[in-house]
Amino acid sequence: MRMIPRLLMSLALPLALSAPAQTLSFLEVLDRPDRPQPDHRLAYGDAPQQFGELWLPKGPGPHPVALMIHGGCWQASLPGPELLAFQADALRAAGVAVWSISYRRVGHPGGGYPGTFDDVARGADRLLTLARRYPLDLKRLVATGHSAGGHLALWAAARPRIAASSPLKAAAPLPVPAVVAVAGIPDLAFASRNKLCGTSVDQLLGSAPTTALLSDTSPLALLPLRVPQALMQGTQDRIVPPAASDGYRTQAAELGDTVEVVNLDGAGHFELIAPWTPAGRQVVERIVRAVR
């Protein structure tokens, strides 16, 4: 029997007690039979977690691309890219190439700030070289991620906004023209105050959030992103409730960003990455629309 990490047990219990019976658990996604496989697994660094899975559609291309970032509360003990395999496969079948990256998390050597962010940046920028070898159209690119990965997808688009004094500043980051955050966490201060993912935000940053730490890690602090953003949310999500996006959506709109909020009725946290569910299909369709 699979050992369920203590953190996810603490999150899953209130979810099971308060959400409708049809909401999925992460194990129902992770352990579904015949999990699809990527076409290539490619390293972008030397650490075991520094790799990406490349999913290529049939045909000559060049293909539109989804930069995909898994969640798991930024924790090493929780699943990585394998949890998004069915979503990646659905996108591949719809004609979208997927670069699904792994990264060092809290509990891995070098995980947390700044290593987690450095890895996401390096993994994203690896697309610039992959496009020379594989038929990828980076002009039709969307960053997407689930839960903590939604935070990192927004952060990837916000990298040009990072101050020059930050250790996370890059000279020429991958341009990200659109984001679809799936049950994302766009405001790290809100997440810390409300104990989303328990104390994982504080562990990620190495302390309770401060203005300095938030300035180069929280998408809300980096607004405006100046790219279209869609926030996909399950109305029955008790792990990252829709309210987690309220402050971000308001501030983004005030600063002129285009932010679409899609509330998926009856969906919990994991339906959104399960393309055999109505909510999961809508997420795939929205990601595809972002690169058409």
# chains A, B, ... in the order shown; residues from 1 in each chain; ligands from 1
>>> residues_around(residues="Cys197 of chain A", least_positions_apart="2", cutoff="12 Å", atoms="only C-alpha atoms", output="PyMOL selection string")
chain A and resi 6-12+71-75+78+147-148+184-185+188+190-195+199-204+238-241+244
>>> write_last_selection(atoms="N, CA and C atoms", output="tab-separated table (two decimals), in the first residue's frame")
chain	number	residue	atom	x	y	z
A	6	ARG	N	2.59	12.77	5.21
A	6	ARG	CA	1.82	13.37	6.31
A	6	ARG	C	1.17	14.68	5.89
A	7	LEU	N	1.89	15.52	5.13
A	7	LEU	CA	1.32	16.80	4.72
A	7	LEU	C	0.07	16.61	3.90
A	8	LEU	N	0.10	15.69	2.94
A	8	LEU	CA	-1.07	15.53	2.10
A	8	LEU	C	-2.21	14.88	2.86
A	9	MET	N	-1.89	14.03	3.83
A	9	MET	CA	-2.95	13.49	4.68
A	9	MET	C	-3.66	14.62	5.42
A	10	SER	N	-2.88	15.60	5.91
A	10	SER	CA	-3.48	16.71	6.65
A	10	SER	C	-4.33	17.58	5.76
A	11	LEU	N	-4.00	17.62	4.46
A	11	LEU	CA	-4.80	18.38	3.51
A	11	LEU	C	-6.01	17.58	3.04
A	12	ALA	N	-5.81	16.28	2.89
A	12	ALA	CA	-6.87	15.45	2.31
A	12	ALA	C	-8.01	15.22	3.29
A	71	GLY	N	2.72	20.70	-9.15
A	71	GLY	CA	2.58	21.27	-7.82
A	71	GLY	C	3.11	20.33	-6.76
A	72	GLY	N	2.36	20.22	-5.66
A	72	GLY	CA	2.81	19.40	-4.54
A	72	GLY	C	3.33	20.23	-3.39
A	73	CYS	N	2.80	21.46	-3.24
A	73	CYS	CA	3.14	22.31	-2.09
A	73	CYS	C	4.64	22.59	-2.00
A	74	TRP	N	5.33	22.55	-3.14
A	74	TRP	CA	6.78	22.79	-3.19
A	74	TRP	C	7.57	21.78	-2.34
A	75	GLN	N	6.96	20.62	-2.03
A	75	GLN	CA	7.54	19.65	-1.11
A	75	GLN	C	8.11	18.44	-1.84
A	78	LEU	N	6.02	14.96	-2.02
A	78	LEU	CA	4.79	14.83	-2.81
A	78	LEU	C	5.11	14.57	-4.28
A	147	SER	N	-1.68	24.03	-8.80
A	147	SER	CA	-1.46	24.27	-7.38
A	147	SER	C	-0.19	25.10	-7.19
A	148	ALA	N	0.81	24.59	-6.45
A	148	ALA	CA	2.07	25.32	-6.33
A	148	ALA	C	2.70	25.54	-7.71
A	184	GLY	N	-4.13	27.58	-8.89
A	184	GLY	CA	-2.84	28.16	-8.57
A	184	GLY	C	-2.82	28.96	-7.28
A	185	ILE	N	-1.62	29.32	-6.86
A	185	ILE	CA	-1.39	30.09	-5.63
A	185	ILE	C	-0.64	31.36	-6.03
A	188	LEU	N	1.65	34.65	-2.32
A	188	LEU	CA	2.30	33.87	-1.27
A	188	LEU	C	2.01	34.40	0.12
A	190	PHE	N	-0.87	35.69	1.16
A	190	PHE	CA	-2.19	35.12	1.49
A	190	PHE	C	-2.04	33.66	1.85
A	191	ALA	N	-1.26	32.93	1.06
A	191	ALA	CA	-1.10	31.49	1.30
A	191	ALA	C	-0.46	31.23	2.66
A	192	SER	N	0.51	32.05	3.04
A	192	SER	CA	1.15	31.88	4.34
A	192	SER	C	0.20	32.18	5.48
A	193	ARG	N	-0.53	33.29	5.37
A	193	ARG	CA	-1.46	33.68	6.43
A	193	ARG	C	-2.55	32.64	6.63
A	194	ASN	N	-3.02	32.05	5.55
A	194	ASN	CA	-4.15	31.14	5.61
A	194	ASN	C	-3.73	29.67	5.61
A	195	LYS	N	-2.43	29.44	5.74
A	195	LYS	CA	-1.89	28.08	5.88
A	195	LYS	C	-2.28	27.17	4.71
A	199	THR	N	2.50	24.87	6.36
A	199	THR	CA	3.55	25.88	6.51
A	199	THR	C	4.52	25.86	5.33
A	200	SER	N	4.09	25.33	4.21
A	200	SER	CA	5.00	25.13	3.08
A	200	SER	C	5.54	26.43	2.50
A	201	VAL	N	4.75	27.50	2.51
A	201	VAL	CA	5.25	28.77	1.98
A	201	VAL	C	6.44	29.24	2.81
A	202	ASP	N	6.30	29.19	4.12
A	202	ASP	CA	7.39	29.61	4.99
A	202	ASP	C	8.62	28.72	4.80
A	203	GLN	N	8.40	27.43	4.58
A	203	GLN	CA	9.53	26.53	4.32
A	203	GLN	C	10.18	26.85	2.98
A	204	LEU	N	9.36	27.15	1.99
A	204	LEU	CA	9.89	27.50	0.67
A	204	LEU	C	10.79	28.72	0.74
A	238	ARG	N	-10.85	22.62	-1.48
A	238	ARG	CA	-10.56	22.97	-0.10
A	238	ARG	C	-9.06	23.05	0.16
A	239	ILE	N	-8.24	22.69	-0.81
A	239	ILE	CA	-6.78	22.78	-0.65
A	239	ILE	C	-6.31	24.17	-1.08
A	240	VAL	N	-6.75	24.61	-2.25
A	240	VAL	CA	-6.50	25.99	-2.70
A	240	VAL	C	-7.86	26.57	-3.10
A	241	PRO	N	-8.59	27.14	-2.17
A	241	PRO	CA	-9.93	27.64	-2.47
A	241	PRO	C	-9.88	28.82	-3.43
A	244	ALA	N	-8.24	32.23	-2.79
A	244	ALA	CA	-6.79	32.43	-2.85
A	244	ALA	C	-6.38	33.35	-4.00
>>> select_by_dssp(residues="segment 40-276 of chain A", states="alpha helix (DSSP H)", output="JSON, numbers by chain")
{"A": [85, 86, 87, 88, 89, 90, 91, 92, 93, 115, 116, 117, 118, 119, 120, 121, 122, 123, 124, 125, 126, 127, 128, 129, 130, 131, 132, 133, 148, 149, 150, 151, 152, 153, 154, 155, 156, 157, 158, 188, 189, 190, 191, 192, 193, 200, 201, 202, 203, 204, 205, 211, 212, 213, 214, 246, 247, 248, 249, 250, 251, 252, 253, 254]}
>>> residues_around(residues="Asp31 of chain A", least_positions_apart="2", cutoff="12 Å", atoms="only C-alpha atoms", output="PyMOL selection string")
chain A and resi 1-2+24-29+33-36+79+82-86+274
>>> write_last_selection(atoms="C-alpha atoms", output="PDB file, in the first residue's frame")
ATOM      1  CA  MET A   1       0.000   0.000   0.000  1.00  0.00           C
ATOM      2  CA  ARG A   2       1.328   3.431  -0.946  1.00  0.00           C
ATOM      3  CA  LEU A  24     -10.936  13.101  -6.630  1.00  0.00           C
ATOM      4  CA  SER A  25      -7.960  12.372  -4.435  1.00  0.00           C
ATOM      5  CA  PHE A  26      -4.438  12.691  -5.790  1.00  0.00           C
ATOM      6  CA  LEU A  27      -4.050   8.907  -5.596  1.00  0.00           C
ATOM      7  CA  GLU A  28      -6.995   8.408  -7.956  1.00  0.00           C
ATOM      8  CA  VAL A  29      -5.050  10.432 -10.510  1.00  0.00           C
ATOM      9  CA  PRO A  33      -3.945   2.407 -14.769  1.00  0.00           C
ATOM     10  CA  ASP A  34      -1.929   2.820 -17.957  1.00  0.00           C
ATOM     11  CA  ARG A  35      -0.351   6.125 -17.084  1.00  0.00           C
ATOM     12  CA  PRO A  36       0.918   7.589 -20.391  1.00  0.00           C
ATOM     13  CA  PRO A  79       4.403  13.703  -6.433  1.00  0.00           C
ATOM     14  CA  GLU A  82       4.019  12.051 -12.967  1.00  0.00           C
ATOM     15  CA  LEU A  83       0.860  13.522 -11.445  1.00  0.00           C
ATOM     16  CA  LEU A  84       0.344  15.612 -14.602  1.00  0.00           C
ATOM     17  CA  ALA A  85       0.958  12.785 -17.075  1.00  0.00           C
ATOM     18  CA  PHE A  86      -2.688  12.396 -18.119  1.00  0.00           C
ATOM     19  CA  ALA A 274      -7.907  14.738 -14.651  1.00  0.00           C
TER      20      ALA A 274
END
>>> closest_atom_pairs(of="segment 137-219 of chain A", to="segment 126-131 of chain A", cutoff="8 Å", atoms="only C-alpha atoms", output="Markdown table")
| residue | atom | partner | partner_atom | distance |
| --- | --- | --- | --- | --- |
| A:Asp137 | CA | A:Ala131 | CA | 7.2 |
| A:Leu138 | CA | A:Ala131 | CA | 7.4 |
| A:Leu174 | CA | A:Leu128 | CA | 7.1 |
>>> write_last_selection(atoms="N, CA and C atoms", output="mmCIF file, in the first residue's frame")
data_model
loop_
_atom_site.group_PDB
_atom_site.id
_atom_site.type_symbol
_atom_site.label_atom_id
_atom_site.label_comp_id
_atom_site.auth_asym_id
_atom_site.auth_seq_id
_atom_site.Cartn_x
_atom_site.Cartn_y
_atom_site.Cartn_z
ATOM 1 N N ASP A 137 7.247 25.592 -31.530
ATOM 2 C CA ASP A 137 6.980 26.982 -31.893
ATOM 3 C C ASP A 137 6.838 27.800 -30.608
ATOM 4 N N LEU A 138 7.907 28.436 -30.185
ATOM 5 C CA LEU A 138 7.896 29.168 -28.923
ATOM 6 C C LEU A 138 7.136 30.486 -29.005
ATOM 7 N N LEU A 174 13.178 33.244 -20.775
ATOM 8 C CA LEU A 174 12.241 32.788 -21.795
ATOM 9 C C LEU A 174 11.001 33.680 -21.808
#
>>> residues_around(residues="Val120 of chain A", least_positions_apart="4", cutoff="10 Å", atoms="only C-alpha atoms", output="list of chain:residue names")
A:Gln50, A:Ile69, A:Ile101, A:Ser102, A:Tyr103, A:Arg104, A:Gly115, A:Thr116, A:Ala124, A:Asp125, A:Arg126, A:Gly149, A:Leu152, A:Ala153, A:Trp155, A:Ala156
>>> write_last_selection(atoms="N, CA and C atoms", output="short mmCIF file (atom, residue, chain, number, x, y, z; two decimals), in the first residue's frame")
data_model
loop_
_atom_site.label_atom_id
_atom_site.label_comp_id
_atom_site.auth_asym_id
_atom_site.auth_seq_id
_atom_site.Cartn_x
_atom_site.Cartn_y
_atom_site.Cartn_z
N GLN A 50 16.49 17.76 -11.68
CA GLN A 50 16.60 18.77 -12.74
C GLN A 50 16.44 18.12 -14.11
N ILE A 69 4.26 22.93 -15.15
CA ILE A 69 4.97 22.89 -13.87
C ILE A 69 4.07 22.22 -12.83
N ILE A 101 8.33 20.11 -16.41
CA ILE A 101 9.61 20.13 -15.71
C ILE A 101 9.49 19.68 -14.25
N SER A 102 10.53 19.03 -13.80
CA SER A 102 10.74 18.74 -12.39
C SER A 102 11.72 19.77 -11.84
N TYR A 103 11.80 19.88 -10.52
CA TYR A 103 12.67 20.88 -9.90
C TYR A 103 12.92 20.49 -8.45
N ARG A 104 13.99 21.00 -7.87
CA ARG A 104 14.28 20.74 -6.46
C ARG A 104 13.26 21.47 -5.59
N GLY A 115 16.91 27.97 -4.69
CA GLY A 115 17.12 26.86 -5.60
C GLY A 115 15.90 26.43 -6.39
N THR A 116 14.74 26.37 -5.73
CA THR A 116 13.51 25.99 -6.44
C THR A 116 13.25 26.93 -7.60
N ALA A 124 12.67 26.26 -17.62
CA ALA A 124 11.92 27.03 -18.63
C ALA A 124 12.84 27.46 -19.76
N ASP A 125 14.01 27.99 -19.42
CA ASP A 125 14.92 28.51 -20.44
C ASP A 125 15.50 27.40 -21.32
N ARG A 126 15.46 26.17 -20.83
CA ARG A 126 15.94 25.05 -21.65
C ARG A 126 15.13 24.93 -22.94
N GLY A 149 2.44 24.63 -8.64
CA GLY A 149 2.92 24.82 -10.00
C GLY A 149 2.24 25.99 -10.70
N LEU A 152 4.23 28.89 -9.76
CA LEU A 152 5.49 28.94 -10.49
C LEU A 152 5.29 29.28 -11.97
N ALA A 153 4.14 28.90 -12.54
CA ALA A 153 3.85 29.28 -13.93
C ALA A 153 3.68 30.80 -14.04
N TRP A 155 4.93 32.92 -11.93
CA TRP A 155 6.26 33.48 -11.64
C TRP A 155 7.16 33.42 -12.87
N ALA A 156 7.07 32.34 -13.65
CA ALA A 156 7.89 32.23 -14.86
C ALA A 156 7.57 33.37 -15.84
#
>>> select_by_dssp(residues="segment 244-292 of chain A", states="strand (DSSP E or B)", output="list in words")
Val259, Glu260, Val261, Val262, Asn263 and Leu264 of chain A
>>> write_last_selection(atoms="C-alpha atoms", output="PDB file, in the first residue's frame")
ATOM      1  CA  VAL A 259      -7.101  38.130 -16.136  1.00  0.00           C
ATOM      2  CA  GLU A 260      -9.837  35.594 -16.861  1.00  0.00           C
ATOM      3  CA  VAL A 261     -11.214  33.693 -13.869  1.00  0.00           C
ATOM      4  CA  VAL A 262     -12.919  30.380 -14.651  1.00  0.00           C
ATOM      5  CA  ASN A 263     -14.833  28.794 -11.762  1.00  0.00           C
ATOM      6  CA  LEU A 264     -15.514  25.119 -12.421  1.00  0.00           C
TER       7      LEU A 264
END
